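One file, model-v3.csv, carrying CSV, C-alpha atoms:
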chain,number,residue,atom,x,y,z
A,1,MET,CA,-39.3,-6.2,59.0
A,2,LEU,CA,-38.8,-8.8,56.4
A,3,LEU,CA,-40.6,-6.7,53.8
A,4,VAL,CA,-38.5,-3.7,54.7
A,5,VAL,CA,-35.3,-5.8,54.3
A,6,ILE,CA,-36.5,-7.2,51.0
A,7,GLY,CA,-37.4,-3.7,49.8
A,8,ILE,CA,-33.9,-2.4,50.7
A,9,LEU,CA,-32.3,-5.3,48.9
A,10,ILE,CA,-34.4,-4.7,45.8
A,11,ALA,CA,-33.6,-1.0,45.9
A,12,LEU,CA,-29.9,-1.7,46.2
A,13,GLN,CA,-30.1,-4.1,43.3
A,14,ILE,CA,-31.8,-1.6,41.1
A,15,ASN,CA,-29.3,1.1,42.1
A,16,ASN,CA,-26.4,-1.3,41.2
A,17,TRP,CA,-28.1,-2.1,37.9
A,18,ASN,CA,-28.5,1.6,37.1
A,19,GLU,CA,-24.8,2.2,38.0
A,20,ASP,CA,-23.7,-0.6,35.8
A,21,ARG,CA,-25.8,0.8,32.9
A,22,LYS,CA,-24.3,4.2,33.5
A,23,THR,CA,-20.7,2.7,33.6
A,24,ASN,CA,-21.4,0.7,30.4
A,25,LYS,CA,-22.8,3.8,28.7
A,26,GLU,CA,-19.6,5.8,29.6
A,27,GLU,CA,-17.3,3.0,28.4
A,28,ILE,CA,-19.2,2.6,25.2
A,29,LYS,CA,-18.7,6.4,24.5
A,30,ILE,CA,-14.9,6.0,25.3
A,31,LEU,CA,-14.7,3.0,22.9
A,32,ASN,CA,-16.5,4.7,20.1
A,33,GLU,CA,-14.2,7.7,20.3
A,34,LEU,CA,-11.2,5.4,20.6
A,35,LYS,CA,-12.4,3.6,17.4
A,36,ASN,CA,-12.7,6.9,15.6
A,37,ASP,CA,-9.1,7.7,16.6
A,38,LEU,CA,-7.9,4.3,15.4
A,39,ILE,CA,-9.7,4.7,12.0
A,40,THR,CA,-8.0,8.1,11.7
A,41,ASN,CA,-4.6,6.5,12.4
A,42,LEU,CA,-5.3,3.7,9.9
A,43,SER,CA,-5.9,6.4,7.2
A,44,GLU,CA,-2.7,8.1,8.2
A,45,ILE,CA,-0.8,4.8,8.0
A,46,ILE,CA,-2.1,4.1,4.5
A,47,GLU,CA,-1.2,7.5,3.3
A,48,THR,CA,2.2,7.4,4.9
A,49,TYR,CA,2.8,3.9,3.5
A,50,ASN,CA,2.0,5.1,-0.1
A,51,THR,CA,4.5,8.0,0.3
A,52,THR,CA,7.2,5.8,1.8
A,53,SER,CA,6.7,3.2,-1.0
A,54,ASP,CA,7.1,5.9,-3.7
A,55,ARG,CA,10.3,7.1,-2.1
A,56,GLN,CA,11.7,3.6,-1.7
A,57,LEU,CA,10.9,2.8,-5.4
A,58,SER,CA,12.7,6.1,-6.3
A,59,THR,CA,15.9,4.9,-4.6
A,60,PHE,CA,15.8,1.7,-6.7
A,61,LEU,CA,15.3,3.7,-9.9
A,62,ILE,CA,18.2,6.0,-9.1
A,63,LEU,CA,20.6,3.2,-8.5
A,64,ASP,CA,19.3,1.4,-11.6
A,65,TYR,CA,20.0,4.6,-13.7
A,66,PHE,CA,23.5,4.7,-12.3
A,67,LYS,CA,24.2,1.0,-13.0
A,68,GLU,CA,22.8,1.1,-16.5
A,69,LEU,CA,24.5,4.5,-17.3
A,70,ARG,CA,21.2,5.9,-18.4
A,71,PRO,CA,21.0,9.7,-19.1
A,72,VAL,CA,19.1,12.2,-17.1
A,73,ASP,CA,15.4,12.3,-18.0
A,74,ASP,CA,12.1,13.4,-16.3
A,75,SER,CA,11.8,10.0,-14.6
A,76,LEU,CA,15.2,10.4,-12.9
A,77,LYS,CA,14.5,14.0,-12.0
A,78,LYS,CA,11.2,13.0,-10.4
A,79,ALA,CA,13.0,10.3,-8.5
A,80,PHE,CA,15.5,12.9,-7.1
A,81,GLU,CA,12.6,15.0,-6.0
A,82,ASN,CA,10.8,12.1,-4.4
A,83,ILE,CA,13.7,11.0,-2.1
A,84,LYS,CA,13.6,14.4,-0.4
A,85,MET,CA,9.9,14.4,0.2
A,86,ASP,CA,8.0,12.6,3.0
A,87,GLY,CA,4.5,12.4,4.4
A,88,LEU,CA,4.0,13.3,8.0
A,89,PHE,CA,2.3,10.7,10.2
A,90,ASN,CA,-0.1,12.7,12.4
A,91,ILE,CA,-1.1,10.5,15.3
A,92,ALA,CA,-4.6,10.7,16.7
A,93,ASN,CA,-4.2,9.9,20.4
A,94,THR,CA,-6.6,12.0,22.4
A,95,LEU,CA,-8.6,9.0,23.7
A,96,TYR,CA,-5.4,7.0,24.4
A,97,LYS,CA,-4.1,9.8,26.6
A,98,PHE,CA,-7.4,9.8,28.5
A,99,ILE,CA,-7.2,6.0,28.9
A,100,GLU,CA,-3.6,6.2,29.9
A,101,SER,CA,-4.4,8.8,32.6
A,102,GLN,CA,-7.4,6.8,33.9
A,103,GLY,CA,-5.4,3.5,34.2
A,104,VAL,CA,-7.3,0.3,34.9
A,105,ASN,CA,-10.6,2.1,35.4
A,106,SER,CA,-10.8,3.2,31.8
A,107,LEU,CA,-11.6,-0.1,30.0
A,108,SER,CA,-13.2,-3.1,31.7
A,109,ASN,CA,-11.6,-5.5,29.2
A,110,ASP,CA,-8.0,-5.9,30.4
A,111,SER,CA,-6.8,-7.7,27.2
A,112,LEU,CA,-8.2,-4.9,25.0
A,113,ARG,CA,-6.6,-2.2,27.1
A,114,ILE,CA,-3.2,-3.9,26.9
A,115,ARG,CA,-3.6,-4.2,23.1
A,116,VAL,CA,-4.5,-0.5,22.8
A,117,THR,CA,-1.4,0.4,24.8
A,118,GLU,CA,0.7,-1.8,22.6
A,119,MET,CA,-0.7,-0.1,19.5
A,120,TYR,CA,0.2,3.3,20.7
A,121,GLU,CA,3.4,2.6,22.6
A,122,ARG,CA,4.9,0.1,20.1
A,123,HIS,CA,3.4,0.2,16.6
A,124,LEU,CA,2.6,3.9,16.2
A,125,LYS,CA,5.6,5.1,18.2
A,126,ASN,CA,7.9,3.0,15.9
A,127,ILE,CA,6.4,4.7,12.9
A,128,LEU,CA,7.1,8.1,14.3
A,129,THR,CA,10.6,7.1,15.5
A,130,ARG,CA,11.7,5.8,12.1
A,131,GLU,CA,10.1,8.8,10.3
A,132,ASN,CA,12.1,11.2,12.5
A,133,ARG,CA,15.3,9.2,11.9
A,134,THR,CA,14.8,9.3,8.1
A,135,TRP,CA,14.2,13.1,8.3
A,136,GLU,CA,17.5,13.4,10.1
A,137,MET,CA,19.3,11.5,7.4
A,138,VAL,CA,17.7,13.6,4.7
A,139,ASP,CA,18.4,16.9,6.4
A,140,ASP,CA,21.9,16.1,7.6
A,141,GLU,CA,23.3,14.0,4.8
A,142,LEU,CA,21.2,14.0,1.6
A,143,ILE,CA,20.3,17.6,1.3
A,144,PRO,CA,23.8,19.0,1.8
A,145,LEU,CA,25.1,16.6,-0.9
A,146,MET,CA,22.3,17.6,-3.3
A,147,ASN,CA,22.9,21.3,-2.7
A,148,ASP,CA,26.5,20.8,-3.7
A,149,ARG,CA,26.0,18.4,-6.6
A,150,PHE,CA,22.7,19.5,-8.2
A,151,LEU,CA,21.0,22.4,-9.9
A,152,SER,CA,17.3,23.4,-9.5
A,153,SER,CA,14.7,23.4,-12.3
A,154,PRO,CA,10.9,23.4,-12.5
A,155,THR,CA,9.4,20.5,-10.6
A,156,ILE,CA,8.5,17.4,-12.5
A,157,ASP,CA,6.0,16.4,-9.9
A,158,LYS,CA,2.9,18.5,-10.8
A,159,SER,CA,1.2,17.4,-7.6
A,160,VAL,CA,3.7,19.5,-5.5
A,161,SER,CA,1.8,22.8,-5.3
A,162,PHE,CA,4.2,24.5,-2.8
A,163,ALA,CA,7.3,24.4,-5.0
A,164,VAL,CA,7.9,26.0,-8.4
A,165,GLU,CA,11.5,24.9,-8.6
A,166,VAL,CA,13.3,22.0,-6.8
A,167,ILE,CA,16.8,20.5,-6.8
A,168,ASN,CA,16.5,17.7,-9.3
A,169,ILE,CA,19.3,18.0,-12.0
A,170,PRO,CA,22.8,16.6,-11.4
A,171,LYS,CA,25.6,19.1,-12.3
A,172,ASN,CA,27.5,16.2,-13.7
A,173,ILE,CA,25.7,12.8,-14.0
A,174,LYS,CA,29.0,10.9,-14.8
A,175,SER,CA,30.6,12.2,-11.6
A,176,LEU,CA,27.5,11.5,-9.6
A,177,ARG,CA,27.4,7.9,-10.8
A,178,GLU,CA,30.9,7.5,-9.5
A,179,ASP,CA,30.3,9.4,-6.2
A,180,SER,CA,30.5,6.7,-3.6
A,181,LYS,CA,29.4,9.1,-0.8
A,182,PHE,CA,26.2,10.0,-2.6
A,183,LYS,CA,25.4,6.4,-3.6
A,184,ASN,CA,26.0,5.2,0.0
A,185,VAL,CA,23.5,7.7,1.3
A,186,ILE,CA,20.9,6.5,-1.3
A,187,VAL,CA,21.5,2.9,-0.2
A,188,ARG,CA,21.2,3.7,3.5
A,189,LEU,CA,18.0,5.7,2.8
A,190,GLN,CA,16.7,2.7,0.8
A,191,ASN,CA,17.3,0.4,3.7
A,192,TRP,CA,15.6,2.8,6.2
A,193,LEU,CA,12.6,3.1,3.9
A,194,LEU,CA,12.3,-0.6,3.6
A,195,MET,CA,12.3,-0.9,7.4
A,196,ARG,CA,9.7,1.8,7.7
A,197,LEU,CA,7.5,-0.1,5.2
A,198,LYS,CA,7.8,-3.2,7.3
A,199,TRP,CA,6.6,-1.4,10.5
A,200,GLN,CA,3.8,0.4,8.6
A,201,GLU,CA,2.6,-3.0,7.2
A,202,GLU,CA,2.6,-4.5,10.7
A,203,ALA,CA,0.8,-1.6,12.2
A,204,HIS,CA,-1.8,-1.6,9.4
A,205,THR,CA,-2.6,-5.3,10.1
A,206,SER,CA,-2.7,-4.8,13.8
A,207,ILE,CA,-4.9,-1.7,13.8
A,208,GLU,CA,-7.4,-3.2,11.4
A,209,GLN,CA,-7.9,-6.1,13.8
A,210,LEU,CA,-8.0,-3.8,16.8
A,211,ILE,CA,-10.8,-1.7,15.2
A,212,ILE,CA,-12.8,-4.9,14.7
A,213,ASP,CA,-12.3,-6.0,18.3
A,214,VAL,CA,-13.2,-2.6,19.7
A,215,GLN,CA,-16.4,-2.7,17.8
A,216,GLU,CA,-17.1,-6.2,19.2
A,217,GLU,CA,-16.6,-4.9,22.7
A,218,ILE,CA,-19.0,-2.0,22.0
A,219,ASN,CA,-21.6,-4.5,20.8
A,220,LYS,CA,-21.1,-6.7,23.9
A,221,LEU,CA,-21.5,-3.8,26.3
A,222,SER,CA,-24.6,-2.5,24.4
A,223,THR,CA,-26.6,-5.8,24.9

Once you've parsed the file, please lay out its structure as structure tokens.
Amino acid sequence: MLLVVIGILIALQINNWNEDRKTNKEEIKILNELKNDLITNLSEIIETYNTTSDRQLSTFLILDYFKELRPVDDSLKKAFENIKMDGLFNIANTLYKFIESQGVNSLSNDSLRIRVTEMYERHLKNILTRENRTWEMVDDELIPLMNDRFLSSPTIDKSVSFAVEVINIPKNIKSLREDSKFKNVIVRLQNWLLMRLKWQEEAHTSIEQLIIDVQEEINKLST
């Protein structure tokens, strides 16, 4: 009887060990796919940051041209083109949706799961929210003003392959310099872009560290 009991206990222990190995293997797969999504999001953040930075610098250039009474040249035309353009942040969240649906059973490391949730629900969501708000300002306020006060000409930005002509020449640069409504929109856009850069920088730092920590968790589960 004792041998039978010992045999059963050993069998149970082996079964539990096999189940743990299977669970670890499944979690490692989830973490690897999560890491790939985070790397994709990091690439998107970097690209979006570069576009946002270019637009933000263009708002400074426009206001400087107005202040210094400089004439319209290709640099100013390109700045007027840039303020209407924007990169789209395409979030990679397939694995996060899976983790969200599975709840506490998805990741064994509670702290890591909380940080993943914070990344998607705070950092990345803030990027999308502020991107949408900027688009609203451009569509509702900036574009109507430019349609009224500008003429189109061949695009200065040769990297823009989808537009032969764009709105980039003021009908009257002197009047535009004195147009408080137009200048106020540029200033507000500048502030929104600065805010977006802040959130993008914060997300960039956080997601880099999260990628490192996810890899460390993979290594730990693989041993």

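By only C-alpha atoms, and with residues fewer than 2 positions from A:Tyr120 along its chain excluded, the set lying at most 10 Å from it is Leu38, Ile91, Ala92, Asn93, Tyr96, Lys97, Arg115, Val116, Thr117, Glu118, Arg122, His123, Leu124, Lys125, Asn126, Ala203 and Ile207 of chain A.
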
Go ahead and save the residues from that selection, with C-alpha atoms, as a CSV table (one decimal), keeping the file's coordinate frame.
chain,number,residue,atom,x,y,z
A,38,LEU,CA,-7.9,4.3,15.4
A,91,ILE,CA,-1.1,10.5,15.3
A,92,ALA,CA,-4.6,10.7,16.7
A,93,ASN,CA,-4.2,9.9,20.4
A,96,TYR,CA,-5.4,7.0,24.4
A,97,LYS,CA,-4.1,9.8,26.6
A,115,ARG,CA,-3.6,-4.2,23.1
A,116,VAL,CA,-4.5,-0.5,22.8
A,117,THR,CA,-1.4,0.4,24.8
A,118,GLU,CA,0.7,-1.8,22.6
A,122,ARG,CA,4.9,0.1,20.1
A,123,HIS,CA,3.4,0.2,16.6
A,124,LEU,CA,2.6,3.9,16.2
A,125,LYS,CA,5.6,5.1,18.2
A,126,ASN,CA,7.9,3.0,15.9
A,203,ALA,CA,0.8,-1.6,12.2
A,207,ILE,CA,-4.9,-1.7,13.8

For atom CA of A:Lys77 and atom CA of A:Ile156, the interatomic separation in Å (one decimal) =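 Atom CA of A:Ile156 lies 6.9 Å from atom CA of A:Lys77.
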
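Here the question is which of A:Asp139, A:Asn109, A:Asn41, A:Leu128 gets nearest to A:Met85 using all atoms listed in the file, and that residue is A:Asp139.
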
Atom CA of A:Ser53 to atom CA of A:Lys174, straight-line distance in Å =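 Spanning atom CA of A:Lys174 to atom CA of A:Ser53 is a straight-line distance of 27.3 Å.
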
Using atom CA of A:Ile83 and atom CA of A:Gln56 as the two end points, give the distance in Å to one decimal.
-> 7.7 Å

Nearby residues, (13.6, 4.0, -10.9) file frame, 12 Å, all atoms listed in the file, as a ChimeraX atom specification = /A:54-68,70,72-80,82-83

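In terms of minimum interatomic distance to A:Asn50, A:Leu193 ranks closest within A:Met137, A:Val166, A:Leu193, A:Ile212, counting only C-alpha atoms.
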
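Using all atoms listed in the file, the smallest distance between any of A:Glu81, A:Glu121, A:Asp179, A:Asp157 and A:Leu145 comes from A:Asp179.
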
Do a neighbour search on A:Leu210 at 10 Å with only C-alpha atoms, toss out local chain neighbours closer than 4 positions, and write the hits as a ChimeraX atom specification.
-> /A:35,38-39,112,115-116,119,204-206,214-216

Taking only C-alpha atoms into account, which of A:Asn32, A:Ser222, A:Asn90, A:Asn147 comes nearest A:Glu47?
->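 Distance minimum relative to A:Glu47 lands on A:Asn90.
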
Counting all atoms listed in the file, the residue of A:Glu202, A:Ile143, A:Ile218, A:Asp148 that sits nearest A:Leu34 |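 Among the listed residues, A:Ile218 lies closest to A:Leu34.
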
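Between A:Ser106 and the candidates A:Glu26, A:Thr223, A:Gln190, A:Arg133, the tightest atom-to-atom separation, counting all atoms listed in the file, involves A:Glu26.
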
Leaving out A:Leu107 and any residue of its chain fewer than 4 positions from it, which residues lie within 9 Å of it when counting all atoms listed in the file, given as a list of chain:residue names?
->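 Contacts, in chain order: A:Glu27, A:Ile30, A:Leu31, A:Ile99, A:Gln102, A:Gly103, A:Leu112, A:Arg113.
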
Identify the residues within 12 Å of coordinate (31.4, 11.7, -3.4) (same frame as the file), considering all atoms listed in the file, and give the answer as a compact mmCIF listing (two decimals) with C-alpha atoms, in the frame of the given file.
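Output (out34.txt):
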# COMPACT_ATOMS: atom_id res chain seq x y z
CA GLU A 141 23.30 14.00 4.80
CA LEU A 142 21.20 14.00 1.60
CA PRO A 144 23.80 19.00 1.80
CA LEU A 145 25.10 16.60 -0.90
CA MET A 146 22.30 17.60 -3.30
CA ASP A 148 26.50 20.80 -3.70
CA ARG A 149 26.00 18.40 -6.60
CA ASN A 172 27.50 16.20 -13.70
CA LYS A 174 29.00 10.90 -14.80
CA SER A 175 30.60 12.20 -11.60
CA LEU A 176 27.50 11.50 -9.60
CA ARG A 177 27.40 7.90 -10.80
CA GLU A 178 30.90 7.50 -9.50
CA ASP A 179 30.30 9.40 -6.20
CA SER A 180 30.50 6.70 -3.60
CA LYS A 181 29.40 9.10 -0.80
CA PHE A 182 26.20 10.00 -2.60
CA LYS A 183 25.40 6.40 -3.60
CA ASN A 184 26.00 5.20 0.00
CA VAL A 185 23.50 7.70 1.30
CA ILE A 186 20.90 6.50 -1.30
